>>> print(open('structure_37.txt').read())   # compact mmCIF, C-alpha atoms
# COMPACT_ATOMS: atom_id res chain seq x y z
CA MET A 1 0.00 0.00 0.00
CA ASN A 2 1.04 3.57 -0.64
CA ASN A 3 2.03 5.06 2.71
CA ILE A 4 2.21 8.82 3.12
CA LEU A 5 4.00 8.40 6.45
CA GLU A 6 5.89 5.43 7.80
CA LEU A 7 7.87 4.94 11.00
CA ASN A 8 9.83 1.78 11.56
CA GLY A 9 11.55 0.77 14.79
CA VAL A 10 12.21 4.35 15.88
CA PHE A 11 14.05 4.83 19.18
CA LYS A 12 14.85 8.00 21.05
CA SER A 13 16.10 8.03 24.60
CA TYR A 14 16.43 10.66 27.25
CA LYS A 15 17.58 10.32 30.84
CA THR A 16 14.12 9.72 32.24
CA PHE A 17 12.03 8.88 29.20
CA ALA A 18 12.42 6.83 26.06
CA LEU A 19 10.51 6.18 22.88
CA GLU A 20 10.91 2.51 22.08
CA ASP A 21 10.36 0.77 18.79
CA ILE A 22 7.86 3.26 17.40
CA THR A 23 6.37 1.64 14.31
CA PHE A 24 3.28 2.73 12.42
CA ALA A 25 2.17 3.64 8.92
CA LEU A 26 -0.45 6.01 7.55
CA PRO A 27 -1.73 5.08 4.07
CA ARG A 28 -2.35 7.95 1.66
CA GLY A 29 -5.91 9.27 1.71
CA PHE A 30 -6.66 8.79 5.39
CA VAL A 31 -6.74 10.46 8.79
CA MET A 32 -4.78 8.96 11.67
CA GLY A 33 -5.46 9.91 15.26
CA PHE A 34 -2.37 9.75 17.45
CA ILE A 35 -3.62 9.41 20.98
CA GLY A 36 -2.31 8.83 24.48
CA PRO A 37 -2.09 10.55 27.84
CA ASN A 38 0.04 13.65 28.37
CA GLY A 39 3.72 12.79 28.40
CA ALA A 40 3.25 9.55 26.44
CA GLY A 41 5.59 10.67 23.64
CA LYS A 42 3.26 12.16 21.04
CA THR A 43 5.08 15.46 20.58
CA THR A 44 8.49 13.76 20.68
CA THR A 45 7.38 11.42 17.87
CA ILE A 46 6.10 14.35 15.82
CA LYS A 47 9.34 16.27 16.34
CA LEU A 48 11.27 13.21 15.14
CA ILE A 49 9.12 13.09 12.00
CA LEU A 50 9.85 16.78 11.38
CA ASN A 51 13.57 16.24 12.10
CA MET A 52 13.39 18.75 14.94
CA LEU A 53 14.93 16.00 17.08
CA GLN A 54 17.50 13.39 16.10
CA ARG A 55 16.39 9.78 16.36
CA ASN A 56 18.75 7.17 17.87
CA ALA A 57 17.61 4.38 15.58
CA GLY A 58 14.98 3.36 13.07
CA THR A 59 13.64 4.81 9.84
CA ILE A 60 11.09 7.51 9.13
CA LYS A 61 9.71 7.93 5.64
CA VAL A 62 7.44 10.71 4.48
CA PHE A 63 5.97 10.37 0.96
CA GLY A 64 8.16 7.24 0.78
CA LYS A 65 11.38 9.21 1.31
CA ASP A 66 13.77 9.42 4.24
CA ASN A 67 12.76 12.39 6.37
CA ILE A 68 16.32 13.61 6.96
CA PHE A 69 17.89 13.01 3.57
CA TYR A 70 14.97 14.58 1.71
CA GLU A 71 14.02 17.06 4.41
CA GLN A 72 13.72 20.12 2.14
CA GLU A 73 11.66 18.39 -0.49
CA ILE A 74 9.38 16.76 2.08
CA LYS A 75 8.75 19.91 4.04
CA GLU A 76 7.50 21.67 0.92
CA LYS A 77 4.53 19.35 1.11
CA ILE A 78 3.93 19.14 4.85
CA GLY A 79 1.69 21.49 6.78
CA VAL A 80 2.23 21.62 10.52
CA VAL A 81 -0.12 22.86 13.21
CA MET A 82 1.31 22.90 16.72
CA ASP A 83 -0.52 23.93 19.87
CA ASN A 84 1.28 27.24 19.64
CA THR A 85 2.42 29.47 16.81
CA PHE A 86 6.08 30.26 16.26
CA TYR A 87 5.36 33.59 14.65
CA VAL A 88 6.57 36.88 16.04
CA ASP A 89 3.84 38.55 18.11
CA GLU A 90 4.34 41.89 16.44
CA TRP A 91 3.87 40.51 12.91
CA SER A 92 0.63 41.10 11.08
CA LEU A 93 -0.88 38.25 9.07
CA LYS A 94 0.35 40.10 5.98
CA ASP A 95 3.93 40.09 7.33
CA ILE A 96 3.65 36.36 7.94
CA GLU A 97 2.87 35.74 4.32
CA ARG A 98 5.73 37.96 3.18
CA THR A 99 8.13 36.02 5.42
CA LEU A 100 6.97 32.49 4.61
CA LYS A 101 6.32 32.81 0.89
CA PRO A 102 9.97 32.60 -0.25
CA PHE A 103 10.39 29.26 1.54
CA TYR A 104 7.74 27.47 -0.48
CA LYS A 105 7.76 26.73 -4.21
CA ARG A 106 4.03 26.12 -4.25
CA TRP A 107 2.91 29.13 -2.20
CA ASP A 108 -0.36 30.57 -3.48
CA SER A 109 -1.13 34.10 -2.27
CA GLY A 110 -4.64 33.99 -3.68
CA LYS A 111 -5.35 30.90 -1.60
CA TYR A 112 -3.84 32.40 1.54
CA ASN A 113 -6.06 35.45 1.29
CA SER A 114 -9.14 33.47 0.49
CA PHE A 115 -8.57 31.11 3.46
CA LEU A 116 -8.06 34.09 5.74
CA SER A 117 -11.32 35.59 4.62
CA ASP A 118 -13.10 32.21 4.88
CA PHE A 119 -11.80 31.91 8.43
CA ARG A 120 -12.71 35.55 9.12
CA LEU A 121 -9.10 36.51 9.85
CA ASP A 122 -8.06 40.11 9.21
CA VAL A 123 -4.72 40.37 7.35
CA ASN A 124 -3.89 43.60 9.16
CA LYS A 125 -4.25 42.06 12.62
CA LYS A 126 -1.10 41.22 14.54
CA VAL A 127 -0.37 37.71 15.84
CA LYS A 128 -0.66 38.93 19.44
CA GLU A 129 -4.13 40.32 18.76
CA ILE A 130 -5.79 37.11 17.65
CA SER A 131 -7.31 34.35 19.78
CA ARG A 132 -6.08 30.78 20.15
CA GLY A 133 -8.73 29.48 17.82
CA MET A 134 -7.75 32.03 15.21
CA LYS A 135 -4.07 31.10 15.56
CA MET A 136 -4.98 27.50 14.88
CA LYS A 137 -6.90 28.56 11.78
CA LEU A 138 -3.99 30.77 10.72
CA MET A 139 -1.65 27.77 10.85
CA ILE A 140 -4.11 25.74 8.82
CA ALA A 141 -4.44 28.55 6.28
CA ILE A 142 -0.64 28.56 5.94
CA ALA A 143 -0.52 24.78 5.55
CA LEU A 144 -3.22 24.80 2.89
CA SER A 145 -1.73 27.79 1.04
CA HIS A 146 1.43 25.92 0.18
CA GLU A 147 -0.64 22.94 -0.92
CA ALA A 148 0.52 20.54 1.73
CA ASP A 149 -0.29 16.91 1.05
CA LEU A 150 0.34 15.80 4.62
CA LEU A 151 -1.03 17.70 7.60
CA ILE A 152 0.61 17.04 10.94
CA LEU A 153 -1.36 18.47 13.82
CA ASP A 154 -0.01 18.34 17.35
CA GLU A 155 -2.75 18.94 19.90
CA PRO A 156 -4.44 21.49 17.63
CA THR A 157 -7.62 21.55 19.68
CA SER A 158 -6.17 22.01 23.15
CA GLY A 159 -7.61 25.15 24.65
CA LEU A 160 -10.11 25.59 21.84
CA ASP A 161 -13.84 25.98 22.38
CA ALA A 162 -16.43 23.71 20.82
CA VAL A 163 -17.08 26.09 17.92
CA ALA A 164 -13.42 26.26 16.87
CA ARG A 165 -12.98 22.48 17.29
CA ASN A 166 -15.98 21.91 15.10
CA GLU A 167 -14.57 24.24 12.45
CA LEU A 168 -11.33 22.27 12.46
CA MET A 169 -13.22 19.01 11.93
CA GLU A 170 -15.04 20.60 9.03
CA ILE A 171 -11.77 21.73 7.46
CA LEU A 172 -10.20 18.30 7.91
CA SER A 173 -13.12 16.36 6.46
CA GLU A 174 -13.02 18.64 3.44
CA PHE A 175 -9.22 18.24 3.14
CA ILE A 176 -9.38 14.45 3.21
CA GLU A 177 -12.03 14.28 0.51
CA ASP A 178 -8.95 14.40 -1.74
CA GLU A 179 -7.59 10.85 -1.68
CA ASN A 180 -4.00 12.03 -2.18
CA LYS A 181 -3.81 13.76 1.18
CA GLY A 182 -3.08 12.49 4.65
CA VAL A 183 -3.56 13.76 8.20
CA LEU A 184 -1.75 12.83 11.41
CA PHE A 185 -3.60 14.32 14.35
CA SER A 186 -2.27 14.02 17.88
CA THR A 187 -4.57 14.73 20.76
CA HIS A 188 -5.61 13.76 24.24
CA VAL A 189 -9.15 15.03 23.60
CA THR A 190 -10.64 12.20 21.58
CA PRO A 191 -14.34 12.80 20.86
CA ASP A 192 -13.69 14.96 17.77
CA LEU A 193 -11.32 12.43 16.40
CA GLU A 194 -13.56 9.54 17.23
CA LYS A 195 -15.72 10.34 14.24
CA ILE A 196 -13.38 11.27 11.40
CA ALA A 197 -10.24 9.23 12.12
CA ASP A 198 -9.68 6.21 9.87
CA TYR A 199 -6.67 4.91 11.76
CA ILE A 200 -5.69 5.17 15.40
CA THR A 201 -2.27 4.85 16.95
CA VAL A 202 -2.27 4.58 20.72
CA ILE A 203 0.94 5.50 22.53
CA ASN A 204 1.58 5.06 26.22
CA ASN A 205 4.81 5.64 28.09
CA GLY A 206 6.89 5.76 24.91
CA ARG A 207 5.50 2.57 23.40
CA ILE A 208 2.89 1.93 20.74
CA LEU A 209 0.01 -0.09 22.19
CA TYR A 210 -2.08 -0.22 19.03
CA SER A 211 -1.87 1.04 15.50
CA GLY A 212 -4.56 0.16 12.99
CA ILE A 213 -8.07 0.82 11.78
CA LYS A 214 -10.17 2.74 14.29
CA ASP A 215 -13.30 0.66 13.81
CA ASP A 216 -11.29 -2.51 14.50
CA LEU A 217 -9.91 -1.04 17.72
CA LEU A 218 -13.36 -0.02 18.94
CA GLU A 219 -14.67 -3.47 18.12
CA LYS A 220 -11.71 -5.24 19.70
CA TYR A 221 -12.44 -3.91 23.16
CA VAL A 222 -15.71 -3.83 25.02
CA ILE A 223 -16.60 -2.09 28.26
CA ILE A 224 -17.97 -4.49 30.86
CA ARG A 225 -19.73 -3.94 34.17
CA GLY A 226 -20.85 -6.51 36.66
CA GLY A 227 -21.29 -7.59 40.26
CA LEU A 228 -18.43 -8.62 42.55
CA ASP A 229 -19.81 -12.15 42.96
CA VAL A 230 -18.71 -13.14 39.44
CA LEU A 231 -15.29 -11.50 39.65
CA ASP A 232 -12.82 -14.28 40.46
CA ASP A 233 -9.04 -14.10 40.09
CA GLU A 234 -8.95 -15.80 36.71
CA PHE A 235 -11.58 -13.44 35.33
CA LYS A 236 -9.73 -10.47 36.75
CA THR A 237 -6.58 -11.26 34.74
CA LYS A 238 -8.61 -10.87 31.54
CA ILE A 239 -9.85 -7.40 32.41
CA ILE A 240 -7.83 -4.39 31.33
CA GLY A 241 -7.87 -1.56 33.86
CA CYS A 242 -10.34 -3.26 36.18
CA ARG A 243 -11.90 -0.95 38.77
CA GLU A 244 -13.49 -2.63 41.76
CA HIS A 245 -15.84 -0.69 43.99
CA ASN A 246 -18.30 -1.45 46.77
CA VAL A 247 -21.16 -2.47 44.55
CA GLY A 248 -19.45 -3.97 41.52
CA PHE A 249 -16.63 -3.63 39.02
CA ASP A 250 -15.99 -2.25 35.56
CA GLY A 251 -13.24 -2.52 32.99
CA LEU A 252 -12.30 -3.20 29.42
CA ILE A 253 -12.10 -6.63 27.86
CA ASP A 254 -11.00 -8.15 24.59
CA SER A 255 -14.23 -8.94 22.76
CA SER A 256 -12.90 -12.39 21.75
CA VAL A 257 -13.30 -13.63 25.34
CA LEU A 258 -16.88 -12.31 25.65
CA PRO A 259 -18.54 -15.68 24.97
CA LEU A 260 -16.67 -17.16 27.95
CA LEU A 261 -17.97 -14.60 30.40
CA PRO A 262 -20.72 -15.06 32.99
CA LYS A 263 -24.09 -14.11 31.53
CA ASN A 264 -25.17 -11.41 33.95
CA ILE A 265 -22.55 -8.93 32.82
CA ILE A 266 -23.37 -5.72 31.06
CA THR A 267 -21.38 -4.89 27.94
CA GLU A 268 -21.12 -1.59 26.16
CA ARG A 269 -19.34 -0.24 23.09
CA SER A 270 -15.95 1.17 24.01
CA ASN A 271 -14.64 4.59 23.06
CA LEU A 272 -11.17 6.03 22.63
CA ASP A 273 -11.10 7.82 25.99
CA GLU A 274 -12.05 4.65 27.80
CA ILE A 275 -9.31 2.73 25.96
CA ILE A 276 -6.63 5.30 26.81
CA VAL A 277 -7.62 5.42 30.48
CA ARG A 278 -7.98 1.66 31.00
CA PHE A 279 -4.70 0.84 29.32
CA ASN A 280 -2.97 3.48 31.38
CA ASN A 281 -4.35 2.10 34.65
CA TRP A 282 -3.50 -1.41 33.58
CA ARG A 283 0.11 -0.46 32.85
CA GLU A 284 0.51 1.40 36.12
CA ASN A 285 -0.78 -1.56 38.11
CA LYS A 286 1.57 -4.02 36.48
CA MET B 1 -32.12 9.57 0.00
CA ASN B 2 -31.47 10.48 3.61
CA ILE B 3 -28.85 8.86 5.78
CA ILE B 4 -29.19 9.68 9.44
CA ILE B 5 -26.49 8.48 11.77
CA SER B 6 -26.84 8.06 15.50
CA ASN B 7 -23.62 8.20 17.47
CA THR B 8 -25.23 6.84 20.61
CA ALA B 9 -27.01 3.86 19.07
CA GLY B 10 -25.44 0.49 19.84
CA THR B 11 -25.17 -0.36 16.14
CA PRO B 12 -21.85 0.49 14.49
CA ILE B 13 -21.95 3.41 12.04
CA TYR B 14 -21.08 1.32 8.97
CA GLU B 15 -24.02 -0.94 9.81
CA GLN B 16 -26.35 2.05 10.08
CA ILE B 17 -25.26 3.35 6.67
CA LYS B 18 -25.60 -0.09 5.14
CA GLU B 19 -29.08 -0.67 6.55
CA GLN B 20 -30.32 2.75 5.49
CA ILE B 21 -29.08 2.36 1.93
CA LYS B 22 -30.63 -1.12 1.80
CA ALA B 23 -33.89 0.25 3.14
CA ALA B 24 -33.85 2.95 0.45
CA ILE B 25 -33.35 0.22 -2.17
CA PHE B 26 -36.22 -1.86 -0.72
CA ARG B 27 -38.50 1.14 -0.68
CA GLY B 28 -37.64 1.80 -4.30
CA GLU B 29 -36.22 5.19 -3.44
CA LEU B 30 -32.88 4.14 -4.90
CA LYS B 31 -33.46 2.57 -8.28
CA GLU B 32 -31.43 0.15 -10.33
CA GLY B 33 -28.49 1.85 -12.00
CA GLU B 34 -28.60 4.86 -9.73
CA LEU B 35 -25.25 6.25 -8.56
CA LEU B 36 -24.59 6.35 -4.81
CA PRO B 37 -22.78 9.35 -3.30
CA SER B 38 -18.99 8.84 -3.55
CA ILE B 39 -17.36 7.27 -0.50
CA ARG B 40 -15.30 10.35 0.28
CA ARG B 41 -18.17 12.74 -0.25
CA LEU B 42 -20.44 10.73 2.05
CA ALA B 43 -17.71 10.54 4.70
CA ARG B 44 -17.30 14.31 4.50
CA ASP B 45 -21.04 14.97 4.68
CA LEU B 46 -21.58 12.68 7.64
CA ARG B 47 -18.26 13.73 9.22
CA ILE B 48 -17.20 10.16 9.65
CA SER B 49 -14.19 8.07 8.76
CA VAL B 50 -13.57 7.20 5.11
CA ILE B 51 -12.84 3.61 6.13
CA THR B 52 -16.20 3.29 7.87
CA THR B 53 -17.95 4.40 4.67
CA MET B 54 -15.81 2.06 2.56
CA ARG B 55 -16.77 -0.82 4.79
CA ALA B 56 -20.48 -0.09 4.38
CA TYR B 57 -20.11 0.07 0.59
CA ASN B 58 -18.00 -3.09 0.46
CA ASP B 59 -20.60 -4.97 2.47
CA LEU B 60 -23.36 -3.71 0.19
CA GLU B 61 -21.38 -4.88 -2.80
CA GLN B 62 -20.75 -8.31 -1.29
CA GLU B 63 -24.41 -8.71 -0.49
CA GLY B 64 -25.23 -7.86 -4.09
CA PHE B 65 -27.00 -4.55 -3.55
CA VAL B 66 -24.54 -2.34 -5.37
CA VAL B 67 -21.76 -2.76 -7.86
CA ASN B 68 -18.53 -0.80 -7.66
CA MET B 69 -17.14 0.41 -10.98
CA GLN B 70 -13.49 1.27 -10.55
CA GLY B 71 -13.03 5.02 -10.79
CA LYS B 72 -16.70 5.66 -11.56
CA GLY B 73 -18.50 4.95 -8.33
CA CYS B 74 -21.08 2.64 -6.83
CA TYR B 75 -24.28 1.82 -8.67
CA VAL B 76 -27.44 0.16 -7.38
CA GLN B 77 -27.80 -3.40 -8.66
CA SER B 78 -31.05 -4.86 -9.92
CA GLN B 79 -32.78 -6.72 -7.11
CA ASN B 80 -34.62 -9.98 -7.50
CA ALA B 81 -37.62 -10.96 -5.43
CA ASP B 82 -35.83 -13.93 -3.83
CA LEU B 83 -33.11 -11.69 -2.51
CA LEU B 84 -35.63 -9.30 -1.00
CA ARG B 85 -37.43 -12.17 0.69
CA GLU B 86 -34.16 -13.60 1.93
CA HIS B 87 -33.35 -10.25 3.44
CA LYS B 88 -36.65 -10.01 5.28
CA LEU B 89 -36.22 -13.56 6.56
CA ARG B 90 -32.83 -12.77 7.97
CA GLU B 91 -34.33 -9.73 9.65
CA VAL B 92 -36.98 -11.93 11.30
CA GLU B 93 -34.37 -14.44 12.44
CA LYS B 94 -32.19 -11.74 13.89
CA HIS B 95 -34.98 -10.31 16.02
CA LEU B 96 -36.25 -13.69 17.11
CA HIS B 97 -32.75 -14.61 18.21
CA ALA B 98 -32.43 -11.37 20.14
CA SER B 99 -35.75 -12.10 21.85
CA VAL B 100 -34.58 -15.55 22.90
CA VAL B 101 -31.34 -14.14 24.30
CA ALA B 102 -33.27 -11.52 26.25
CA ALA B 103 -35.75 -14.14 27.51
CA ARG B 104 -32.98 -16.42 28.75
CA LEU B 105 -31.39 -13.50 30.56
CA CYS B 106 -34.51 -12.94 32.66
CA GLU B 107 -35.08 -16.71 32.95
CA LEU B 108 -38.36 -16.75 31.07
CA SER B 109 -39.64 -20.27 30.40
CA ASP B 110 -40.05 -21.51 26.81
CA ASP B 111 -43.83 -21.61 27.22
CA GLU B 112 -43.98 -18.07 28.48
CA LEU B 113 -41.88 -16.91 25.54
CA LEU B 114 -44.05 -18.77 23.02
CA ASN B 115 -47.19 -17.33 24.59
CA MET B 116 -45.75 -13.90 24.30
CA LEU B 117 -44.97 -14.49 20.63
CA LYS B 118 -48.53 -15.71 20.03
CA TYR B 119 -49.90 -12.68 21.80
CA PHE B 120 -48.01 -10.34 19.49
CA MET B 121 -49.04 -12.33 16.43
CA ASN B 122 -52.70 -12.01 17.42
CA GLU B 123 -52.34 -8.35 18.13
CA GLU B 124 -50.74 -7.75 14.74
CA ASP B 125 -53.53 -9.72 13.00
CA GLU B 126 -56.20 -7.66 14.72
CA TYR B 127 -54.71 -4.47 13.38
CA GLU B 128 -54.89 -5.68 9.83
>>> encode(input="structure_37.txt", output="structure tokens")
Amino acid sequence: MNNILELNGVFKSYKTFALEDITFALPRGFVMGFIGPNGAGKTTTIKLILNMLQRNAGTIKVFGKDNIFYEQEIKEKIGVVMDNTFYVDEWSLKDIERTLKPFYKRWDSGKYNSFLSDFRLDVNKKVKEISRGMKMKLMIAIALSHEADLLILDEPTSGLDAVARNELMEILSEFIEDENKGVLFSTHVTPDLEKIADYITVINNGRILYSGIKDDLLEKYVIIRGGLDVLDDEFKTKIIGCREHNVGFDGLIDSSVLPLLPKNIITERSNLDEIIVRFNNWRENK
Amino acid sequence: MNIIISNTAGTPIYEQIKEQIKAAIFRGELKEGELLPSIRRLARDLRISVITTMRAYNDLEQEGFVVNMQGKGCYVQSQNADLLREHKLREVEKHLHASVVAARLCELSDDELLNMLKYFMNEEDEYE
């Protein structure tokens, strides 16, 4: 398959934290959600992809090409949205265009201006005068104005209100209607992503716990609730992130073992938040 | 054709899309040879994953409701009467099975369950 982004056995170690064997691939034409608790290694992974950090081992390919060797060429076609802008506070949105334009072969001023007006951003406003939500939209306008094929968004929705988050989802679903594009979206706020993501990569404590189709992940795990009388030790080992309380227990379970379970147990569809939390508790208890 | 997705329903989204397109075909709202919305357009409109939409379309193709022409899109297939009947039968079986599962859960006896079924059959007949 044609992968727009591919990481293979990537390692990066620090004194107190390490990314170990990071491997995942995003096929062209799809949206991947990159999820995990704060401090799991999402931003570090993204910085490795952008060659803002040096990896210790492994390979990273963007558009099928090594991300370091072909850095210039690759970055022409990547749009990045971080949780903060790197632009000078005193610059107006017009100054930003003037500064960035020379770096991109495919920069389209007409597009930049039309995105700004679509997003109701005033070109004469300074960076320091616009809100967080507007900064996010500014970064997207920049990404789309140089015709990026791959969007990499690192926590773009943190600190945004529901209206701005919804606008972002609208922009992304329009972007991905083109089957030649790709989106990697890291977040710890999953409900937005839950709908539009095609693939999900779950990272926890520097390791990939799952990478694959979102629907498969949500079908693989099921939330269960039941009474303490049926919860024996053998059953407990099957539950991920089991929480026992005075009047029962709840947890996550692999749906393949469902038929073996006692009958008076309630099951429910899982969601991404539940999966992140349960896996985190499970790891901490080990 | 309308496709209305519930995010809180227990049924997976691809299943909801599939069932609604099927229902539109059964109702004759979607006719033979008609072009379905493109996968990516439908995903955008419903704000859902492209893969989820693909899965619904693939299932519809496998079940013989639509045919996918590479690069052109998905078209509604002609439906024969047997297939329609088969579909309805499967629907009946599915709900009967669900009823049995529910009955076992609350420890209903077989006779009680059968009586209940008869009751509903009578009720339905009276309406007609």
>>> closest_atom_pairs(input="structure_37.txt", of="chain B", to="chain A", cutoff="9 Å", atoms="only C-alpha atoms", output="JSON lines")
{"residue": "B:Asn7", "atom": "CA", "partner": "A:Lys195", "partner_atom": "CA", "distance": 8.8}
{"residue": "B:Gly10", "atom": "CA", "partner": "A:Arg269", "partner_atom": "CA", "distance": 7.0}
{"residue": "B:Pro12", "atom": "CA", "partner": "A:Asp215", "partner_atom": "CA", "distance": 8.6}
{"residue": "B:Ile39", "atom": "CA", "partner": "A:Glu177", "partner_atom": "CA", "distance": 8.9}
{"residue": "B:Arg40", "atom": "CA", "partner": "A:Glu177", "partner_atom": "CA", "distance": 5.1}
{"residue": "B:Arg41", "atom": "CA", "partner": "A:Glu177", "partner_atom": "CA", "distance": 6.4}
{"residue": "B:Ala43", "atom": "CA", "partner": "A:Ser173", "partner_atom": "CA", "distance": 7.6}
{"residue": "B:Arg44", "atom": "CA", "partner": "A:Ser173", "partner_atom": "CA", "distance": 5.1}
{"residue": "B:Asp45", "atom": "CA", "partner": "A:Ser173", "partner_atom": "CA", "distance": 8.2}
{"residue": "B:Arg47", "atom": "CA", "partner": "A:Ile196", "partner_atom": "CA", "distance": 5.9}
{"residue": "B:Ile48", "atom": "CA", "partner": "A:Ile196", "partner_atom": "CA", "distance": 4.3}
{"residue": "B:Ser49", "atom": "CA", "partner": "A:Ile196", "partner_atom": "CA", "distance": 4.2}
{"residue": "B:Val50", "atom": "CA", "partner": "A:Asp198", "partner_atom": "CA", "distance": 6.2}
{"residue": "B:Ile51", "atom": "CA", "partner": "A:Asp198", "partner_atom": "CA", "distance": 5.5}
{"residue": "B:Thr52", "atom": "CA", "partner": "A:Asp215", "partner_atom": "CA", "distance": 7.1}
{"residue": "B:Leu105", "atom": "CA", "partner": "A:Asn264", "partner_atom": "CA", "distance": 7.4}
>>> atom_distance(input="structure_37.txt", atom1="atom CA of Tyr57 of chain B", atom2="atom CA of Glu15 of chain B")
10.1 Å
>>> atom_distance(input="structure_37.txt", atom1="atom CA of Val88 of chain A", atom2="atom CA of Asp154 of chain A")
19.7 Å
>>> closest_residue(input="structure_37.txt", among="A:Val127, A:Val163, A:Ala25, A:Met134", to="Asp95 of chain A", atoms="all atoms listed in the file")
A:Val127
>>> atom_distance(input="structure_37.txt", atom1="atom CA of Glu244 of chain A", atom2="atom CA of Leu209 of chain A")
23.9 Å
>>> residues_around(input="structure_37.txt", residues="segment 88-101 of chain B", least_positions_apart="3", cutoff="12 Å", atoms="only C-alpha atoms", output="mmCIF file with C-alpha atoms, keeping the file's coordinate frame")
data_model
loop_
_atom_site.group_PDB
_atom_site.id
_atom_site.type_symbol
_atom_site.label_atom_id
_atom_site.label_comp_id
_atom_site.auth_asym_id
_atom_site.auth_seq_id
_atom_site.Cartn_x
_atom_site.Cartn_y
_atom_site.Cartn_z
ATOM 1 C CA LYS A 263 -24.090 -14.110 31.530
ATOM 2 C CA ASN A 264 -25.170 -11.410 33.950
ATOM 3 C CA GLU B 19 -29.080 -0.670 6.550
ATOM 4 C CA LYS B 22 -30.630 -1.120 1.800
ATOM 5 C CA ALA B 23 -33.890 0.250 3.140
ATOM 6 C CA PHE B 26 -36.220 -1.860 -0.720
ATOM 7 C CA ALA B 81 -37.620 -10.960 -5.430
ATOM 8 C CA ASP B 82 -35.830 -13.930 -3.830
ATOM 9 C CA LEU B 83 -33.110 -11.690 -2.510
ATOM 10 C CA LEU B 84 -35.630 -9.300 -1.000
ATOM 11 C CA ARG B 85 -37.430 -12.170 0.690
ATOM 12 C CA ARG B 104 -32.980 -16.420 28.750
ATOM 13 C CA LEU B 105 -31.390 -13.500 30.560
ATOM 14 C CA CYS B 106 -34.510 -12.940 32.660
ATOM 15 C CA GLU B 107 -35.080 -16.710 32.950
ATOM 16 C CA LEU B 108 -38.360 -16.750 31.070
ATOM 17 C CA SER B 109 -39.640 -20.270 30.400
ATOM 18 C CA ASP B 110 -40.050 -21.510 26.810
ATOM 19 C CA ASP B 111 -43.830 -21.610 27.220
ATOM 20 C CA GLU B 112 -43.980 -18.070 28.480
ATOM 21 C CA LEU B 113 -41.880 -16.910 25.540
ATOM 22 C CA LEU B 114 -44.050 -18.770 23.020
ATOM 23 C CA MET B 116 -45.750 -13.900 24.300
ATOM 24 C CA LEU B 117 -44.970 -14.490 20.630
#
>>> closest_residue(input="structure_37.txt", among="A:Gly206, A:Leu228, A:Leu151, A:Ala164", to="Val10 of chain A", atoms="all atoms listed in the file")
A:Gly206
>>> residues_around(input="structure_37.txt", residues="Lys236 of chain A", least_positions_apart="6", cutoff="10 Å", atoms="all atoms listed in the file", output="ChimeraX atom specification")
/A:230,242-243,249,251,253
>>> residues_around(input="structure_37.txt", residues="Asp122 of chain A", least_positions_apart="2", cutoff="10 Å", atoms="all atoms listed in the file", output="list in words")
Ser92, Leu93, Lys94, Asn113, Leu116, Ser117, Phe119, Arg120, Asn124, Lys125, Lys126 and Ile130 of chain A
>>> closest_residue(input="structure_37.txt", among="A:Ile142, A:Ile22, A:Asp66, A:Ile74", to="Thr99 of chain A", atoms="all atoms listed in the file")
A:Ile142
>>> residues_around(input="structure_37.txt", residues="segment 64-78 of chain B", least_positions_apart="4", cutoff="7 Å", atoms="all atoms listed in the file", output="count of residues only")
8
>>> residues_around(input="structure_37.txt", residues="Asn205 of chain A", least_positions_apart="3", cutoff="10 Å", atoms="all atoms listed in the file", output="ChimeraX atom specification")
/A:17-20,36-42,208-209,280,283
>>> axis_aligned_box(input="structure_37.txt", around="segment 22-29 of chain A", padding_each_side="5 Å", output="lines of an AutoDock Vina configuration file")
center_x = 1.0
center_y = 5.5
center_z = 9.5
size_x = 23.8
size_y = 17.6
size_z = 25.7
